[in-house]
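Okay, final-v2.txt is below, compact mmCIF, C-alpha atoms:
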```txt
# COMPACT_ATOMS: atom_id res chain seq x y z
CA MET B 1 117.52 -9.98 62.19
CA SER B 2 114.16 -11.52 61.31
CA VAL B 3 114.74 -15.15 62.30
CA SER B 4 116.26 -16.92 65.31
CA GLU B 5 119.90 -15.98 66.01
CA PRO B 6 121.43 -19.49 65.73
CA VAL B 7 119.68 -19.94 62.36
CA GLU B 8 121.15 -16.66 61.08
CA ARG B 9 124.58 -17.65 62.37
CA LEU B 10 124.39 -21.06 60.70
CA MET B 11 123.37 -19.42 57.41
CA LYS B 12 126.49 -17.21 57.63
CA LEU B 13 128.69 -20.25 58.21
CA PHE B 14 127.13 -22.22 55.35
CA SER B 15 127.50 -19.26 52.99
CA ARG B 16 131.28 -19.58 53.40
CA PHE B 17 131.18 -23.08 51.87
CA PRO B 18 132.51 -23.30 48.30
CA GLY B 19 129.83 -22.53 45.69
CA VAL B 20 127.20 -21.72 48.32
CA GLY B 21 125.43 -18.36 48.18
CA ASP B 22 123.06 -16.73 50.66
CA LYS B 23 119.93 -18.46 49.33
CA THR B 24 121.49 -21.93 49.34
CA ALA B 25 122.88 -21.35 52.84
CA ARG B 26 119.39 -20.41 53.99
CA ARG B 27 117.91 -23.50 52.39
CA PHE B 28 120.54 -25.68 54.12
CA ALA B 29 119.74 -24.21 57.56
CA LEU B 30 115.97 -24.58 57.09
CA PHE B 31 116.48 -28.10 55.71
CA LEU B 32 118.36 -29.05 58.89
CA LEU B 33 115.51 -27.75 61.04
CA GLN B 34 113.03 -29.90 59.12
CA GLN B 35 115.06 -33.09 59.59
CA PRO B 36 114.60 -35.40 62.57
CA SER B 37 116.70 -34.22 65.50
CA ASP B 38 119.24 -37.06 65.23
CA PHE B 39 120.32 -35.92 61.77
CA SER B 40 121.53 -32.57 63.17
CA SER B 41 123.19 -34.21 66.15
CA GLU B 42 124.95 -36.75 63.93
CA LEU B 43 126.09 -33.98 61.58
CA SER B 44 127.37 -31.89 64.46
CA SER B 45 129.22 -34.77 66.12
CA THR B 46 130.69 -36.03 62.82
CA ILE B 47 132.11 -32.58 62.07
CA SER B 48 133.80 -32.51 65.50
CA LEU B 49 135.01 -36.09 65.14
CA MET B 50 136.41 -35.51 61.67
CA ARG B 51 138.26 -32.43 62.84
CA ASP B 52 139.73 -34.18 65.90
CA ARG B 53 140.59 -37.57 64.47
CA THR B 54 141.62 -36.97 60.86
CA PHE B 55 145.25 -36.39 59.89
CA CYS B 56 147.48 -37.02 56.87
CA CYS B 57 148.97 -40.46 56.21
CA SER B 58 152.72 -40.27 56.86
CA ILE B 59 153.44 -42.24 53.67
CA CYS B 60 151.14 -40.86 50.96
CA GLY B 61 149.43 -37.79 52.49
CA ASN B 62 145.88 -39.20 52.21
CA LEU B 63 143.38 -38.25 54.95
CA THR B 64 143.15 -40.98 57.55
CA THR B 65 142.38 -41.88 61.16
CA GLU B 66 145.12 -44.54 61.26
CA ASP B 67 148.71 -44.40 60.09
CA PRO B 68 149.45 -45.68 57.47
CA CYS B 69 146.14 -45.12 55.66
CA SER B 70 143.87 -47.87 54.34
CA ILE B 71 145.35 -47.59 50.83
CA CYS B 72 149.02 -47.72 51.88
CA SER B 73 148.34 -50.67 54.18
CA ASP B 74 146.15 -52.62 51.72
CA PRO B 75 148.08 -55.81 50.76
CA PHE B 76 145.94 -56.34 47.65
CA ARG B 77 146.97 -53.16 45.86
CA ASP B 78 149.58 -53.02 43.11
CA ARG B 79 152.76 -51.89 44.94
CA LYS B 80 154.75 -51.43 41.76
CA THR B 81 152.89 -48.32 40.57
CA LEU B 82 152.78 -44.91 42.21
CA CYS B 83 150.33 -42.21 41.15
CA VAL B 84 151.29 -38.64 42.10
CA MET B 85 148.28 -36.35 42.53
CA GLU B 86 147.77 -32.72 43.55
CA ASN B 87 145.24 -33.26 46.31
CA VAL B 88 142.91 -35.67 48.09
CA GLU B 89 139.90 -34.58 46.02
CA ASP B 90 141.62 -35.65 42.78
CA MET B 91 142.67 -38.92 44.43
CA LEU B 92 139.08 -39.68 45.48
CA SER B 93 137.88 -39.10 41.90
CA MET B 94 140.52 -41.52 40.66
CA GLU B 95 139.57 -44.10 43.31
CA GLN B 96 135.88 -43.84 42.47
CA SER B 97 136.59 -44.36 38.77
CA GLY B 98 138.02 -47.78 39.60
CA ALA B 99 140.62 -47.23 36.85
CA TYR B 100 143.63 -47.49 39.16
CA SER B 101 144.68 -49.96 41.82
CA GLY B 102 148.24 -48.89 42.71
CA LEU B 103 149.51 -46.58 45.46
CA TYR B 104 149.27 -42.79 45.68
CA PHE B 105 151.37 -39.84 46.67
CA ILE B 106 149.51 -36.60 47.45
CA LEU B 107 151.49 -33.42 46.74
CA GLY B 108 149.17 -31.25 48.83
CA GLY B 109 149.78 -28.32 46.52
CA ARG B 110 150.45 -27.25 42.96
CA VAL B 111 152.67 -24.83 41.07
CA SER B 112 150.64 -21.73 40.26
CA PRO B 113 152.68 -18.52 39.99
CA MET B 114 149.50 -16.51 39.34
CA ASP B 115 148.14 -17.42 42.80
CA GLY B 116 151.59 -17.48 44.41
CA GLN B 117 151.23 -21.20 45.11
CA ASP B 118 154.01 -23.77 45.01
CA ILE B 119 154.63 -27.33 46.17
CA GLU B 120 156.52 -27.46 49.47
CA PRO B 121 160.14 -28.49 48.79
CA GLU B 122 160.01 -31.01 51.66
CA ARG B 123 157.08 -32.70 49.95
CA LEU B 124 159.04 -33.12 46.70
CA ALA B 125 162.05 -34.37 48.69
CA ARG B 126 159.75 -36.84 50.44
CA LEU B 127 158.43 -38.06 47.05
CA LYS B 128 161.98 -38.51 45.77
CA GLU B 129 162.92 -40.51 48.87
CA TYR B 130 159.72 -42.63 48.72
CA SER B 131 159.92 -43.42 45.01
CA GLY B 132 163.64 -44.24 45.30
CA LYS B 133 163.15 -46.54 48.29
CA GLY B 134 160.10 -48.51 47.01
CA ASN B 135 160.14 -51.10 44.26
CA PHE B 136 158.16 -48.97 41.85
CA LEU B 137 158.25 -49.81 38.16
CA GLU B 138 156.14 -46.82 37.08
CA LEU B 139 155.35 -43.33 38.31
CA ILE B 140 152.15 -41.77 36.95
CA ILE B 141 152.15 -38.00 37.32
CA ALA B 142 148.41 -37.28 37.32
CA THR B 143 148.15 -33.48 37.18
CA ASN B 144 145.36 -31.47 35.60
CA PRO B 145 145.18 -30.57 31.89
CA SER B 146 145.91 -26.88 32.57
CA VAL B 147 148.82 -24.46 32.70
CA GLU B 148 149.16 -25.05 36.47
CA GLY B 149 148.92 -28.79 35.86
CA ASP B 150 151.76 -28.57 33.34
CA LEU B 151 153.96 -26.57 35.72
CA THR B 152 153.21 -29.02 38.53
CA PHE B 153 154.00 -31.92 36.19
CA PHE B 154 157.43 -30.53 35.35
CA ALA B 155 158.24 -29.79 39.00
CA VAL B 156 157.43 -33.39 39.91
CA LEU B 157 159.30 -34.74 36.88
CA ASP B 158 162.35 -32.76 37.95
CA ALA B 159 162.19 -34.23 41.46
CA VAL B 160 161.93 -37.87 40.37
CA ARG B 161 164.21 -37.71 37.32
CA ASP B 162 167.22 -39.26 39.13
CA THR B 163 165.29 -42.34 40.28
CA GLY B 164 165.34 -43.71 36.71
CA ILE B 165 161.81 -45.10 37.11
CA LYS B 166 159.56 -45.11 34.02
CA THR B 167 157.39 -42.00 34.27
CA THR B 168 154.01 -41.48 32.54
CA ARG B 169 151.30 -38.83 32.38
CA LEU B 170 147.52 -39.13 32.00
CA ALA B 171 146.27 -39.03 28.38
CA PHE B 172 144.63 -35.80 27.22
CA GLY B 173 142.00 -35.81 24.47
CA LEU B 174 138.29 -35.77 23.79
CA PRO B 175 136.24 -36.47 26.93
CA LEU B 176 134.08 -39.57 26.52
CA GLY B 177 130.48 -38.68 25.74
CA GLY B 178 131.56 -35.28 24.41
CA THR B 179 131.26 -34.20 20.79
CA ILE B 180 133.93 -32.91 18.43
CA GLY B 181 131.63 -30.03 17.48
CA TYR B 182 131.61 -28.70 21.04
CA ALA B 183 135.21 -29.53 21.96
CA ASP B 184 137.48 -26.52 22.54
CA ARG B 185 140.51 -25.84 20.36
CA VAL B 186 143.10 -26.89 22.95
CA THR B 187 141.39 -30.25 23.53
CA LEU B 188 141.23 -30.87 19.76
CA HIS B 189 144.94 -30.01 19.53
CA ALA B 190 145.68 -32.56 22.27
CA SER B 191 143.53 -35.21 20.60
CA ILE B 192 145.37 -34.74 17.29
CA GLU B 193 148.83 -34.67 18.86
CA SER B 194 148.19 -37.80 20.94
CA ARG B 195 146.33 -39.67 18.19
CA VAL B 196 146.55 -43.44 18.44
CA GLU B 197 147.34 -45.78 15.60
CA VAL B 198 144.57 -48.18 14.65
CA ARG B 199 145.74 -51.70 13.91
CA VAL B 200 143.71 -53.24 11.08
CA GLN B 201 143.36 -56.96 11.63
CA ASP B 202 143.96 -59.08 8.59
CA ASN B 203 141.14 -61.61 8.56
CA SER B 204 142.05 -63.24 5.28
CA MET Y 1 136.70 -46.87 51.81
CA SER Y 2 139.70 -44.91 50.60
CA VAL Y 3 139.64 -41.96 52.99
CA SER Y 4 139.19 -41.52 56.75
CA GLU Y 5 135.90 -42.88 58.10
CA PRO Y 6 134.56 -39.61 59.64
CA VAL Y 7 135.25 -37.84 56.32
CA GLU Y 8 133.27 -40.49 54.42
CA ARG Y 9 130.45 -40.26 56.95
CA LEU Y 10 130.33 -36.46 56.71
CA MET Y 11 130.21 -36.71 52.90
CA LYS Y 12 127.19 -39.02 53.19
CA LEU Y 13 125.44 -36.56 55.51
CA PHE Y 14 126.18 -33.56 53.27
CA SER Y 15 124.94 -35.46 50.20
CA ARG Y 16 121.48 -35.54 51.81
CA PHE Y 17 121.33 -31.73 51.74
CA PRO Y 18 119.00 -30.29 49.08
CA GLY Y 19 120.70 -29.88 45.70
CA VAL Y 20 123.97 -31.43 46.92
CA GLY Y 21 125.39 -34.39 45.01
CA ASP Y 22 128.30 -36.68 45.89
CA LYS Y 23 130.97 -34.40 44.41
CA THR Y 24 129.71 -31.27 46.16
CA ALA Y 25 129.42 -33.19 49.45
CA ARG Y 26 133.02 -34.28 49.07
CA ARG Y 27 134.13 -30.73 48.36
CA PHE Y 28 132.29 -29.51 51.49
CA ALA Y 29 134.00 -32.10 53.71
CA LEU Y 30 137.47 -31.36 52.31
CA PHE Y 31 136.78 -27.61 52.55
CA LEU Y 32 136.01 -28.03 56.27
CA LEU Y 33 139.30 -29.86 56.82
CA GLN Y 34 141.19 -27.01 55.18
CA GLN Y 35 139.60 -24.35 57.38
CA PRO Y 36 141.06 -23.29 60.72
CA SER Y 37 139.87 -25.61 63.47
CA ASP Y 38 137.55 -23.03 65.07
CA PHE Y 39 135.40 -22.89 61.92
CA SER Y 40 134.48 -26.57 62.28
CA SER Y 41 133.89 -26.27 66.00
CA GLU Y 42 131.71 -23.18 65.53
CA LEU Y 43 129.75 -24.95 62.77
CA SER Y 44 129.28 -28.04 64.91
CA SER Y 45 128.18 -26.09 68.00
CA THR Y 46 125.88 -23.79 66.01
CA ILE Y 47 124.08 -26.78 64.49
CA SER Y 48 123.49 -28.22 67.99
CA LEU Y 49 122.48 -24.84 69.37
CA MET Y 50 120.04 -24.17 66.52
CA ARG Y 51 118.46 -27.58 66.97
CA ASP Y 52 118.10 -27.19 70.74
CA ARG Y 53 117.05 -23.57 71.02
CA THR Y 54 114.93 -22.84 67.94
CA PHE Y 55 111.15 -23.23 67.98
CA CYS Y 56 108.16 -21.65 66.23
CA CYS Y 57 106.76 -18.30 67.39
CA SER Y 58 103.37 -18.94 69.03
CA ILE Y 59 101.86 -15.96 67.19
CA CYS Y 60 103.13 -16.10 63.60
CA GLY Y 61 105.01 -19.40 63.27
CA ASN Y 62 108.39 -17.80 62.48
CA LEU Y 63 111.54 -19.53 63.77
CA THR Y 64 112.73 -17.97 66.99
CA THR Y 65 114.60 -18.44 70.26
CA GLU Y 66 112.21 -16.19 72.16
CA ASP Y 67 108.43 -16.09 72.18
CA PRO Y 68 107.00 -13.96 70.59
CA CYS Y 69 109.57 -13.62 67.79
CA SER Y 70 111.51 -10.46 66.97
CA ILE Y 71 109.01 -9.47 64.23
CA CYS Y 72 105.85 -9.97 66.30
CA SER Y 73 107.38 -8.05 69.24
CA ASP Y 74 108.84 -5.21 67.15
CA PRO Y 75 106.92 -2.02 68.08
CA PHE Y 76 108.03 -0.24 64.90
CA ARG Y 77 106.31 -2.57 62.45
CA ASP Y 78 102.99 -1.82 60.79
CA ARG Y 79 100.45 -3.73 62.95
CA LYS Y 80 97.56 -3.10 60.59
CA THR Y 81 98.76 -5.41 57.81
CA LEU Y 82 99.17 -9.18 57.95
CA CYS Y 83 101.00 -11.14 55.25
CA VAL Y 84 100.15 -14.85 55.06
CA MET Y 85 103.00 -16.96 53.66
CA GLU Y 86 103.56 -20.66 53.05
CA ASN Y 87 106.86 -21.05 54.89
CA VAL Y 88 109.75 -19.33 56.64
CA GLU Y 89 111.92 -19.42 53.51
CA ASP Y 90 109.37 -17.31 51.58
CA MET Y 91 109.09 -14.96 54.56
CA LEU Y 92 112.86 -14.44 54.68
CA SER Y 93 112.87 -13.56 50.96
CA MET Y 94 110.13 -11.01 51.57
CA GLU Y 95 112.00 -9.56 54.57
CA GLN Y 96 115.24 -9.27 52.62
CA SER Y 97 113.47 -7.45 49.78
CA GLY Y 98 112.57 -4.67 52.22
CA ALA Y 99 109.22 -4.31 50.40
CA TYR Y 100 107.09 -5.11 53.43
CA SER Y 101 107.04 -3.87 57.02
CA GLY Y 102 103.87 -5.41 58.47
CA LEU Y 103 103.36 -8.64 60.42
CA TYR Y 104 103.44 -12.21 59.13
CA PHE Y 105 101.55 -15.45 59.52
CA ILE Y 106 103.35 -18.63 58.43
CA LEU Y 107 101.05 -21.43 57.23
CA GLY Y 108 103.75 -24.09 57.55
CA GLY Y 109 102.27 -25.96 54.61
CA ARG Y 110 100.49 -25.67 51.31
CA VAL Y 111 97.67 -27.33 49.42
CA SER Y 112 99.13 -29.78 46.93
CA PRO Y 113 96.90 -32.76 46.13
CA MET Y 114 99.61 -34.20 43.83
CA ASP Y 115 102.01 -34.58 46.79
CA GLY Y 116 99.23 -35.33 49.27
CA GLN Y 117 100.03 -32.12 51.16
CA ASP Y 118 97.52 -29.87 52.88
CA ILE Y 119 97.51 -27.05 55.42
CA GLU Y 120 96.74 -28.27 58.93
CA PRO Y 121 93.15 -27.28 59.82
CA GLU Y 122 94.29 -25.98 63.25
CA ARG Y 123 96.69 -23.62 61.47
CA LEU Y 124 93.84 -22.13 59.39
CA ALA Y 125 91.66 -21.89 62.52
CA ARG Y 126 94.56 -20.13 64.26
CA LEU Y 127 94.83 -17.66 61.34
CA LYS Y 128 91.10 -16.98 61.48
CA GLU Y 129 91.29 -16.33 65.23
CA TYR Y 130 94.42 -14.14 64.92
CA SER Y 131 93.14 -12.03 62.02
CA GLY Y 132 89.75 -11.61 63.72
CA LYS Y 133 91.29 -10.56 67.05
CA GLY Y 134 93.89 -8.09 65.73
CA ASN Y 135 93.20 -4.66 64.31
CA PHE Y 136 94.21 -5.60 60.80
CA LEU Y 137 93.05 -3.44 57.91
CA GLU Y 138 94.53 -5.68 55.22
CA LEU Y 139 95.42 -9.32 54.73
CA ILE Y 140 97.96 -10.07 51.98
CA ILE Y 141 97.83 -13.71 50.90
CA ALA Y 142 101.33 -14.16 49.47
CA THR Y 143 101.30 -17.60 47.87
CA ASN Y 144 103.34 -18.72 44.88
CA PRO Y 145 102.32 -18.16 41.25
CA SER Y 146 101.61 -21.86 40.68
CA VAL Y 147 98.72 -24.33 40.79
CA GLU Y 148 99.60 -25.22 44.40
CA GLY Y 149 99.87 -21.51 45.19
CA ASP Y 150 96.38 -20.93 43.77
CA LEU Y 151 94.91 -23.80 45.78
CA THR Y 152 96.63 -22.54 48.93
CA PHE Y 153 95.36 -19.02 48.20
CA PHE Y 154 91.75 -20.19 47.99
CA ALA Y 155 92.06 -22.31 51.17
CA VAL Y 156 93.32 -19.25 53.06
CA LEU Y 157 90.71 -16.98 51.47
CA ASP Y 158 88.01 -19.39 52.61
CA ALA Y 159 89.34 -19.33 56.17
CA VAL Y 160 89.49 -15.53 56.50
CA ARG Y 161 86.36 -14.68 54.48
CA ASP Y 162 84.18 -14.12 57.55
CA THR Y 163 86.55 -11.59 59.12
CA GLY Y 164 85.49 -9.00 56.53
CA ILE Y 165 89.03 -7.62 56.32
CA LYS Y 166 90.21 -6.33 52.95
CA THR Y 167 92.18 -9.16 51.33
CA THR Y 168 94.81 -8.80 48.59
CA ARG Y 169 97.16 -11.03 46.65
CA LEU Y 170 100.67 -10.39 45.26
CA ALA Y 171 100.74 -9.07 41.67
CA PHE Y 172 101.74 -11.51 38.95
CA GLY Y 173 103.38 -10.33 35.73
CA LEU Y 174 106.71 -9.86 34.01
CA PRO Y 175 109.67 -10.27 36.38
CA LEU Y 176 111.78 -7.11 36.52
CA GLY Y 177 114.92 -7.45 34.39
CA GLY Y 178 113.26 -10.14 32.30
CA THR Y 179 112.36 -9.78 28.64
CA ILE Y 180 109.01 -10.24 26.89
CA GLY Y 181 110.72 -12.41 24.28
CA TYR Y 182 111.75 -14.95 26.88
CA ALA Y 183 108.66 -14.77 29.11
CA ASP Y 184 106.51 -17.90 29.20
CA ARG Y 185 102.90 -17.89 27.96
CA VAL Y 186 101.33 -18.05 31.42
CA THR Y 187 103.33 -15.07 32.65
CA LEU Y 188 102.36 -13.07 29.55
CA HIS Y 189 98.72 -14.00 30.16
CA ALA Y 190 99.03 -12.73 33.74
CA SER Y 191 100.71 -9.50 32.61
CA ILE Y 192 97.92 -8.81 30.10
CA GLU Y 193 95.12 -9.68 32.51
CA SER Y 194 96.57 -7.52 35.32
CA ARG Y 195 97.59 -4.64 33.04
CA VAL Y 196 97.72 -1.26 34.72
CA GLU Y 197 96.23 1.92 33.34
CA VAL Y 198 98.72 4.66 32.56
CA ARG Y 199 97.57 8.15 33.52
CA VAL Y 200 98.74 10.73 31.03
CA GLN Y 201 99.51 14.00 32.78
CA ASP Y 202 98.10 17.03 31.06
CA ASN Y 203 100.95 19.56 31.10
CA SER Y 204 99.15 22.21 29.09
```
Represent the structure from my file as structure tokens, please.
Amino acid sequence: MSVSEPVERLMKLFSRFPGVGDKTARRFALFLLQQPSDFSSELSSTISLMRDRTFCCSICGNLTTEDPCSICSDPFRDRKTLCVMENVEDMLSMEQSGAYSGLYFILGGRVSPMDGQDIEPERLARLKEYSGKGNFLELIIATNPSVEGDLTFFAVLDAVRDTGIKTTRLAFGLPLGGTIGYADRVTLHASIESRVEVRVQDNS
Amino acid sequence: MSVSEPVERLMKLFSRFPGVGDKTARRFALFLLQQPSDFSSELSSTISLMRDRTFCCSICGNLTTEDPCSICSDPFRDRKTLCVMENVEDMLSMEQSGAYSGLYFILGGRVSPMDGQDIEPERLARLKEYSGKGNFLELIIATNPSVEGDLTFFAVLDAVRDTGIKTTRLAFGLPLGGTIGYADRVTLHASIESRVEVRVQDNS
């Protein structure tokens, strides 16, 4: 050990973060030491606070400090649409895009036989109950464009089939800003299969 | 705000870490929530502990919880060689390489007129005093291969000139595992200028 023991220990902890190697963990620890003292104390207290106060919303499964969460209790959101997502991270991406203003349901898992993962049956039962009870006109199953996403999609579809609510899935195709030359084969397949008709306006 | 307030706050704090953007900060916060509770509490307490207990070694400037630090007080290290480095991060890289077993002196700064940075004059005076007092046979000035590294090198050289101790600098040249085809011009220049004579053994 060539540096102070708490610094070494912090580097070890940081190196367990996703995508963080030994060098980045070291840089994080040294960065913290260079910050004013209140940055470290705020970081340390926020981590404790988050751990102690955060739980899952009893309605949608979002992370929250109050039940129901700010989205479920927001009177200005569209209460006729429910978007089913794998996890909170996906939900936050969707929220930040600003593309959606309805309610959410977080599965908290996905179907992935390769990793031995599955959605908890109680969670699917809860979704069935929730979607049947609400006044939803549309269910958007927003799973990833991958094999696991497809399997998860079908598991969810199976659970909500009896509710008779219109069910949709996110569109797959060329990512905006991408180029056809660099698109992979599967994406090109999806963009051909889901091609959209162009209406030519008659200006005469 | 679409997720619990402490989670949002932690994301903001993580996004101030070097090289961490909003998405990585979010992943870090959600990763922490998925870990067993003692990981968060250990992280939080280690950050506080590091902040409260870590200071700079009065001899070399390394981070430590005891004075002098573990390197300066290690009786098995080579006490005839002193390696002058810009910061603790560089020193840790050197330590981990295992290439060096002498003592260190951390400048805690570098000469960079573009960023308005300079080495504190007291630190250079301290180096002069330390190198003059010890029984050093060699001073290695281990600054970066960059313009700022060169300026820092000459500032240090100027400070230790009077001690009369043999002074060396790290070798610059092709990085091991690299290829000549991909090496930049400046590195190739350095590798030509510092070329090493090959002794041909006469086996006859």
Inset, instruction - Tell me the residues of chain Y close to chain B, meaning within 9 Å using all atoms listed in the file, as a PyMOL selection string. - result: chain Y and resi 1-7+9-10+13-14+17-19+23-24+26-33+37+39-55+62-66+69-71+88-89+92-93+95
Legend entry - Shell of 9 Å around range 108-111 of chain Y, only C-alpha atoms, local chain residues under 6 positions omitted, as a list in words: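 Here the qualifying residues turn out to be Gly61, Met85, Glu86, Asn87, Val88, Gln117, Asp118, Ile119, Glu120, Arg123, Thr143, Glu148, Gly149, Asp150, Leu151, Thr152, Phe153 and Ala155 of chain Y.
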Inset, instruction - Enter the distance from CA of Ile141 in chain Y to CA of Leu157 in chain Y, in Å, rounded to one decimal. - result: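 Atom-to-atom, CA of Ile141 in chain Y to CA of Leu157 in chain Y, that is 7.9 Å.
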Inset, instruction - May I ask for the distance between CA of Lys80 in chain B and CA of Ile165 in chain B, given in Å to one decimal place? - result: 10.6 Å
Legend entry - Surrounding residues of Arg195 in chain B excluding itself and chain neighbours under 6 positions, 10 Å, only C-alpha atoms, as a ChimeraX atom specification: /B:172-173,189
Legend entry - All residues 12 Å or closer to Asn135 in chain B, only C-alpha atoms, same chain fewer than 2 positions away omitted, as a ChimeraX atom specification: /B:78-82,103,129-133,137-139,163-166
Just need the box for range 100-112 of chain Y, edges along x, y and z, holding every atom the file lists for it with 3 Å tacked onto each side, so centre and edge lengths in Å to one decimal, as AutoDock Vina command-line options.
```
--center_x 102.4 --center_y -16.8 --center_z 53.7 --size_x 15.4 --size_y 31.9 --size_z 19.5
```
Inset, instruction - Between CA of Ser194 in chain Y and CA of Leu174 in chain Y, measure the distance and give it in Å to one decimal. - result: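 Atom-to-atom, CA of Ser194 in chain Y to CA of Leu174 in chain Y, that is 10.5 Å.
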Inset, instruction - Determine the nearest neighbour of Ala142 in chain Y from the options Y:Ile192, Y:Val198, Y:Ile106, Y:Leu127, counting all atoms listed in the file. - result: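 Smallest distance to Ala142 in chain Y is found for Y:Ile106.
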Inset, instruction - For each of Y:Ala159, Y:Tyr104, Y:Tyr182, Y:Ser73, take the minimum atom-to-atom distance to Lys128 in chain Y, counting only C-alpha atoms, then give the residue where this is smallest. - result: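 So, comparing all the options, the nearest one is Y:Ala159.
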